[in-house]
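So the structure is just underneath, and the comments pick up after that.
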Amino acid sequence: MKKYNVAILGATGAVGTRMIEQLEQSSIPVNQVKLLASKRSSGKVLQYNGKDIVVEETTPESFDDVDIVLASAGGAVSKKFLPEAVKRGAVAVDNTSAFRMDPEVPLVVPEVNEQAVYDHKGIIANPNCSTIQMVVALQPIKEAAGLKQVIVSTYQAGSGAGQTAIQELDDEAQQHLDGEKMTADIFPVKGEKHHYPLAFNLLPQIDVFEEDGSTHEEWKMVHETKKIMAGDMNSDAIKVNATCVRVPVVIGHGESVFFEVEDNSKLDTAKVQELIKNGDGLVLQDDPAQQLYPQPINAEGHTETFVGRVREDPENRGSYNMWVVADNLLKGAAANTVQIAEKLVEHDLVRVPEDYYGKE
Ligand SMILES: NC(=O)C1=CN([C@@H]2O[C@H](COP(=O)(O)OP(=O)(O)OC[C@H]3O[C@@H](n4cnc5c(N)ncnc54)[C@H](OP(=O)(O)O)[C@@H]3O)[C@@H](O)[C@H]2O)C=CC1
Ligand SMILES: N[C@@H](CC(=O)OP(=O)(O)O)C(=O)O
């Protein structure tokens, strides 16, 4: 059986450390693991399957003899190094937003568009965390009744902003409870020296603002959903509207999703619940009588997407509400990335084609 050399780029980060764990638990036959980060973490020791591995500074040569790269070190780092990795024969699954909208790069959520992996030219993109959990929940509904439009409001955990934000949220909460001024240091205020605190607060801004007043996170949810579910980032087939909010939760994004189906003739609340219950990668937690519904605190550490509060809108038949929760660092990032790599192995696609990405 072929075994693969795997490099994790960004191995010391909030997502990278989870990629190590997900790789350990995956079906991928691993020969060697290389852990890459910046110069700052060079020499640090992490473990893979109980074995010490020294973290190395990333250079183009780091990817010599690597078969699979799992990348999560920021968009600029992916842009710089992944074409180098592909040139050297490696296939890269990228968790950053660097290549998601590139028509030459498939954007994949295995439960929704697994077949897209066949089109890869060396790089496959992992979608935004909020997009992933939403499309996993919508997929069985789309298959059964078609989707006209989706309106989503997100409740995104602080950990979506990286390892330092996790510590910052803890610190701010402690300072506030101790009656001290919060040392807010992560979410900048444009043109000002101070930052907005997240503890005991809500921030209706994730990523930068676009000219039309939406944020880039919202833009990503719209266009990534269209690319994954309709095959084209500008498709008119599904209308998507998003409002993204950062909340003082450490791990686990929540989403209030309102959707309208194309054909409601065979659907009702119970049928939607049944579709979710039998859906790939989904867990239905929906029992108002028992006050059962998904919560970030319970989703943490799990790779499934949890759905509850399903109900048809009595004023708009054919439209439904649901509440969707997932661990943003697992299904939203590390787990989906490793799942894509598993599909590459399963379909014997761990090789770059002759017209590989970035070939001059
Ligand atoms: N699917 C999704 O939506 C999600 C995507 N992400 C994306 O994943 C990426 C990482 O996120 P996260 O883990 O939260 O971030 P962290 O800040 O926790 O970790 C960043 C990682 O990148 C490494 N790194 C930084 N600069 C370089 C460099 N110049 N060369 C090599 N390695 C470098 C860091 O290494 P060092 O220890 O040396 O600093 C660290 O390992 C981001 O692009 C983020 O947008 C994150 C969460 C969800
Ligand atoms: N923006 C997401 C995490 C992230 O990094 O997303 P992206 O990979 O699309 O930039 C969050 O903060 O929760």
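Chain labels A, B, ... are given in the sequence in which chains occur in the structure tokens; within each chain residues are numbered consecutively from 1, and ligands are likewise numbered from 1 in the order shown.
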Which residues of chain A sit at most 7 Å from ligand 2, using only C-alpha atoms and all ligand atoms? Give each one's shortest atom pair and distance in Å (one decimal place), in chain and ascending residue order, as CSV.
```
residue,atom,partner,partner_atom_place_in_ligand_line,distance
A:Asn95,CA,ligand 2,8 (O),6.2
A:Thr96,CA,ligand 2,8 (O),4.4
A:Ser97,CA,ligand 2,8 (O),4.9
A:Pro127,CA,ligand 2,9 (O),6.7
A:Asn128,CA,ligand 2,9 (O),3.9
A:Cys129,CA,ligand 2,3 (C),6.0
A:Ser130,CA,ligand 2,13 (O),7.0
A:Gln156,CA,ligand 2,13 (O),5.5
A:Ala157,CA,ligand 2,13 (O),6.2
A:Gly158,CA,ligand 2,13 (O),6.9
A:Ser159,CA,ligand 2,13 (O),6.8
A:Gly160,CA,ligand 2,13 (O),3.3
A:Ala161,CA,ligand 2,12 (O),4.5
A:Ile206,CA,ligand 2,12 (O),6.2
A:Asp207,CA,ligand 2,1 (N),6.5
A:Glu217,CA,ligand 2,1 (N),6.0
A:Lys220,CA,ligand 2,9 (O),6.8
```
Please save C-alpha atoms of the selected residues as a PDB file, in the first residue's frame.
```
ATOM      1  CA  ASN A  95      -7.425  26.197   4.322  1.00  0.00           C
ATOM      2  CA  THR A  96      -6.894  29.899   3.608  1.00  0.00           C
ATOM      3  CA  SER A  97      -8.938  32.143   1.313  1.00  0.00           C
ATOM      4  CA  PRO A 127     -13.958  26.975   2.133  1.00  0.00           C
ATOM      5  CA  ASN A 128     -14.567  29.528   4.869  1.00  0.00           C
ATOM      6  CA  CYS A 129     -15.652  27.975   8.176  1.00  0.00           C
ATOM      7  CA  SER A 130     -19.094  29.622   8.182  1.00  0.00           C
ATOM      8  CA  GLN A 156     -18.841  33.356  15.081  1.00  0.00           C
ATOM      9  CA  ALA A 157     -16.477  32.277  17.841  1.00  0.00           C
ATOM     10  CA  GLY A 158     -13.351  34.237  18.753  1.00  0.00           C
ATOM     11  CA  SER A 159     -11.096  31.299  17.784  1.00  0.00           C
ATOM     12  CA  GLY A 160     -11.908  32.067  14.136  1.00  0.00           C
ATOM     13  CA  ALA A 161      -9.382  34.876  14.494  1.00  0.00           C
ATOM     14  CA  ILE A 206     -15.573  40.028  10.452  1.00  0.00           C
ATOM     15  CA  ASP A 207     -12.808  40.794   7.955  1.00  0.00           C
ATOM     16  CA  GLU A 217     -16.613  37.502   5.444  1.00  0.00           C
ATOM     17  CA  LYS A 220     -17.153  35.013   1.042  1.00  0.00           C
TER      18      LYS A 220
END
```
Could you tell me, counting only C-alpha atoms and all ligand atoms, which protein and nucleic acid residues lie no more than 7 Å from ligand 1, written as a PyMOL selection string? chain A and resi 9-16+36-42+57-58+72-75+77+95-97+126-130+159-164+328-329+332-333
Please, could you write that set of residues out with N, CA and C atoms as a short mmCIF file (atom, residue, chain, number, x, y, z; two decimals), in the first residue's frame?
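Saved the output as result-v5.cif:
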```cif
data_model
loop_
_atom_site.label_atom_id
_atom_site.label_comp_id
_atom_site.auth_asym_id
_atom_site.auth_seq_id
_atom_site.Cartn_x
_atom_site.Cartn_y
_atom_site.Cartn_z
N LEU A 9 1.54 22.94 6.93
CA LEU A 9 2.07 24.31 6.89
C LEU A 9 1.21 25.18 7.81
N GLY A 10 1.85 25.73 8.86
CA GLY A 10 1.09 26.46 9.88
C GLY A 10 0.77 25.53 11.04
N ALA A 11 1.68 24.54 11.26
CA ALA A 11 1.41 23.45 12.22
C ALA A 11 1.25 23.90 13.66
N THR A 12 1.77 25.09 14.01
CA THR A 12 1.69 25.56 15.40
C THR A 12 0.42 26.35 15.68
N GLY A 13 -0.40 26.62 14.67
CA GLY A 13 -1.55 27.50 14.84
C GLY A 13 -2.79 26.80 15.39
N ALA A 14 -3.85 27.60 15.58
CA ALA A 14 -5.11 27.05 16.11
C ALA A 14 -5.63 25.95 15.19
N VAL A 15 -5.55 26.17 13.88
CA VAL A 15 -6.01 25.16 12.93
C VAL A 15 -4.95 24.08 12.73
N GLY A 16 -3.68 24.50 12.58
CA GLY A 16 -2.61 23.54 12.31
C GLY A 16 -2.50 22.45 13.37
N LEU A 36 5.63 22.48 9.55
CA LEU A 36 6.24 23.74 9.08
C LEU A 36 5.53 24.94 9.69
N ALA A 37 6.32 25.96 9.98
CA ALA A 37 5.77 27.23 10.48
C ALA A 37 6.72 28.34 10.07
N SER A 38 6.70 29.46 10.80
CA SER A 38 7.63 30.55 10.48
C SER A 38 8.91 30.35 11.30
N LYS A 39 9.83 31.24 11.07
CA LYS A 39 11.11 31.20 11.81
C LYS A 39 10.87 31.23 13.33
N ARG A 40 9.79 31.97 13.73
CA ARG A 40 9.48 32.12 15.16
C ARG A 40 9.37 30.77 15.87
N SER A 41 8.78 29.79 15.20
CA SER A 41 8.53 28.50 15.86
C SER A 41 9.53 27.43 15.45
N SER A 42 10.51 27.81 14.65
CA SER A 42 11.50 26.82 14.22
C SER A 42 12.21 26.24 15.46
N GLU A 57 11.32 25.90 9.85
CA GLU A 57 10.96 27.12 9.13
C GLU A 57 10.65 26.74 7.68
N THR A 58 9.62 27.36 7.12
CA THR A 58 9.18 27.01 5.76
C THR A 58 10.06 27.66 4.70
N SER A 72 -2.30 25.98 6.38
CA SER A 72 -3.13 26.88 7.19
C SER A 72 -2.25 27.89 7.90
N ALA A 73 -1.53 28.67 7.12
CA ALA A 73 -0.61 29.66 7.70
C ALA A 73 -0.90 31.07 7.20
N GLY A 74 -2.12 31.29 6.71
CA GLY A 74 -2.48 32.61 6.20
C GLY A 74 -2.38 32.65 4.68
N GLY A 75 -3.20 33.53 4.09
CA GLY A 75 -3.30 33.59 2.63
C GLY A 75 -2.00 33.95 1.94
N VAL A 77 1.04 33.42 2.90
CA VAL A 77 1.99 32.30 2.99
C VAL A 77 1.60 31.22 1.97
N ASN A 95 -6.35 25.75 3.45
CA ASN A 95 -7.42 26.20 4.32
C ASN A 95 -7.63 27.71 4.28
N THR A 96 -6.76 28.44 3.63
CA THR A 96 -6.89 29.90 3.61
C THR A 96 -7.79 30.34 2.44
N SER A 97 -8.06 31.64 2.38
CA SER A 97 -8.94 32.14 1.31
C SER A 97 -8.17 32.46 0.03
N ASN A 126 -10.09 24.78 0.70
CA ASN A 126 -11.07 24.51 1.75
C ASN A 126 -11.86 25.79 1.98
N PRO A 127 -13.18 25.74 2.00
CA PRO A 127 -13.96 26.98 2.13
C PRO A 127 -13.83 27.63 3.51
N ASN A 128 -14.43 28.79 3.62
CA ASN A 128 -14.57 29.53 4.87
C ASN A 128 -15.37 28.68 5.87
N CYS A 129 -15.02 28.80 7.14
CA CYS A 129 -15.65 27.97 8.18
C CYS A 129 -17.18 28.14 8.21
N SER A 130 -17.64 29.38 8.10
CA SER A 130 -19.09 29.62 8.18
C SER A 130 -19.81 29.06 6.96
N SER A 159 -12.20 32.12 18.30
CA SER A 159 -11.10 31.30 17.78
C SER A 159 -10.96 31.37 16.27
N GLY A 160 -12.01 31.87 15.59
CA GLY A 160 -11.91 32.07 14.14
C GLY A 160 -10.83 33.07 13.78
N ALA A 161 -10.43 33.87 14.75
CA ALA A 161 -9.38 34.88 14.49
C ALA A 161 -8.00 34.38 14.95
N GLY A 162 -7.88 33.08 15.23
CA GLY A 162 -6.55 32.52 15.50
C GLY A 162 -6.26 32.27 16.97
N GLN A 163 -5.10 31.63 17.19
CA GLN A 163 -4.67 31.20 18.52
C GLN A 163 -4.59 32.38 19.50
N THR A 164 -4.08 33.52 19.03
CA THR A 164 -3.92 34.66 19.94
C THR A 164 -5.27 35.21 20.40
N ASN A 328 -15.76 25.36 14.55
CA ASN A 328 -15.18 26.10 13.42
C ASN A 328 -13.75 25.69 13.12
N LEU A 329 -13.04 25.17 14.11
CA LEU A 329 -11.64 24.77 13.88
C LEU A 329 -11.56 23.34 13.35
N GLY A 332 -15.10 23.35 10.29
CA GLY A 332 -14.86 24.60 9.58
C GLY A 332 -13.47 24.75 9.02
N ALA A 333 -12.55 23.88 9.41
CA ALA A 333 -11.15 24.07 8.96
C ALA A 333 -10.42 22.72 8.89
#
```
Would you mind writing down, as number ranges by chain, each residue of stretch 59-290 of chain A that DSSP on the backbone assigns to strand (DSSP E)? A: 68-71, 91-94, 123-125, 147-156, 187-188, 195-196, 239-246, 253-261, 282-284
Write the residues you've just listed into a file as a PDB file, in the first residue's frame, and include C-alpha atoms for each of them.
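Result went into result.pdb, see below:
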```
ATOM      1  CA  ILE A  68       0.384  16.122   0.373  1.00  0.00           C
ATOM      2  CA  VAL A  69       0.457  19.625   1.893  1.00  0.00           C
ATOM      3  CA  LEU A  70      -2.191  20.702   4.405  1.00  0.00           C
ATOM      4  CA  ALA A  71      -1.866  24.483   4.528  1.00  0.00           C
ATOM      5  CA  VAL A  91      -0.830  18.259  -3.987  1.00  0.00           C
ATOM      6  CA  ALA A  92      -1.939  21.011  -1.591  1.00  0.00           C
ATOM      7  CA  VAL A  93      -5.200  21.361   0.312  1.00  0.00           C
ATOM      8  CA  ASP A  94      -5.378  25.010   1.366  1.00  0.00           C
ATOM      9  CA  ILE A 123      -4.354  22.926  -5.320  1.00  0.00           C
ATOM     10  CA  ILE A 124      -7.737  22.290  -3.714  1.00  0.00           C
ATOM     11  CA  ALA A 125      -9.274  25.013  -1.534  1.00  0.00           C
ATOM     12  CA  LEU A 147     -33.042  26.042  -3.034  1.00  0.00           C
ATOM     13  CA  LYS A 148     -34.174  29.514  -4.119  1.00  0.00           C
ATOM     14  CA  GLN A 149     -32.625  31.674  -1.462  1.00  0.00           C
ATOM     15  CA  VAL A 150     -30.719  31.614   1.786  1.00  0.00           C
ATOM     16  CA  ILE A 151     -30.492  34.360   4.415  1.00  0.00           C
ATOM     17  CA  VAL A 152     -27.986  33.700   7.184  1.00  0.00           C
ATOM     18  CA  SER A 153     -26.879  35.499  10.343  1.00  0.00           C
ATOM     19  CA  THR A 154     -23.741  34.098  11.954  1.00  0.00           C
ATOM     20  CA  TYR A 155     -22.577  34.004  15.559  1.00  0.00           C
ATOM     21  CA  GLN A 156     -18.841  33.356  15.081  1.00  0.00           C
ATOM     22  CA  PHE A 187      -9.932  43.427  16.723  1.00  0.00           C
ATOM     23  CA  PRO A 188      -8.550  46.759  15.462  1.00  0.00           C
ATOM     24  CA  HIS A 195      -9.068  47.796  19.656  1.00  0.00           C
ATOM     25  CA  TYR A 196     -12.651  46.703  20.299  1.00  0.00           C
ATOM     26  CA  LYS A 239     -29.609  33.855  -3.827  1.00  0.00           C
ATOM     27  CA  VAL A 240     -27.523  34.234  -0.662  1.00  0.00           C
ATOM     28  CA  ASN A 241     -27.490  37.052   1.889  1.00  0.00           C
ATOM     29  CA  ALA A 242     -25.229  37.029   4.966  1.00  0.00           C
ATOM     30  CA  THR A 243     -24.637  39.060   8.122  1.00  0.00           C
ATOM     31  CA  CYS A 244     -21.586  37.908  10.086  1.00  0.00           C
ATOM     32  CA  VAL A 245     -21.128  38.702  13.762  1.00  0.00           C
ATOM     33  CA  ARG A 246     -18.237  37.859  16.124  1.00  0.00           C
ATOM     34  CA  HIS A 253     -19.857  29.009  15.194  1.00  0.00           C
ATOM     35  CA  GLY A 254     -23.662  29.294  15.347  1.00  0.00           C
ATOM     36  CA  GLU A 255     -25.824  30.267  12.362  1.00  0.00           C
ATOM     37  CA  SER A 256     -29.450  31.257  12.068  1.00  0.00           C
ATOM     38  CA  VAL A 257     -30.300  30.088   8.538  1.00  0.00           C
ATOM     39  CA  PHE A 258     -33.517  31.049   6.733  1.00  0.00           C
ATOM     40  CA  PHE A 259     -34.050  29.303   3.389  1.00  0.00           C
ATOM     41  CA  GLU A 260     -36.693  29.141   0.695  1.00  0.00           C
ATOM     42  CA  VAL A 261     -37.090  25.959  -1.351  1.00  0.00           C
ATOM     43  CA  LEU A 282     -25.181  15.998  10.053  1.00  0.00           C
ATOM     44  CA  VAL A 283     -26.642  15.439  13.516  1.00  0.00           C
ATOM     45  CA  LEU A 284     -30.220  16.525  14.225  1.00  0.00           C
TER      46      LEU A 284
END
```
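Rounded to one decimal, atom CA of A:Met134 and atom CA of A:Pro314 lie 22.6 Å from each other.
The residue that comes closest to A:Leu23, out of A:Gln174, A:Ser265, A:Asn49, A:Thr131 and on the basis of only C-alpha atoms, is A:Asn49.
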Which of stretch 68-139 of chain A fall in alpha helix (DSSP H), as a list in words: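 Taking stretch 68-139 of chain A and keeping alpha helix (DSSP H) gives Gly75, Ala76, Val77, Ser78, Lys79, Lys80, Phe81, Leu82, Pro83, Glu84, Ala85, Val86, Lys87, Pro110, Glu111, Val112, Asn113, Cys129, Ser130, Thr131, Ile132, Gln133, Met134, Val135, Val136, Ala137, Leu138 and Gln139 of chain A.
Shortest atom-to-atom contact with A:Thr303 among A:Asn321, A:Val338, A:Asn278, A:Pro103: A:Val338, counting only C-alpha atoms.
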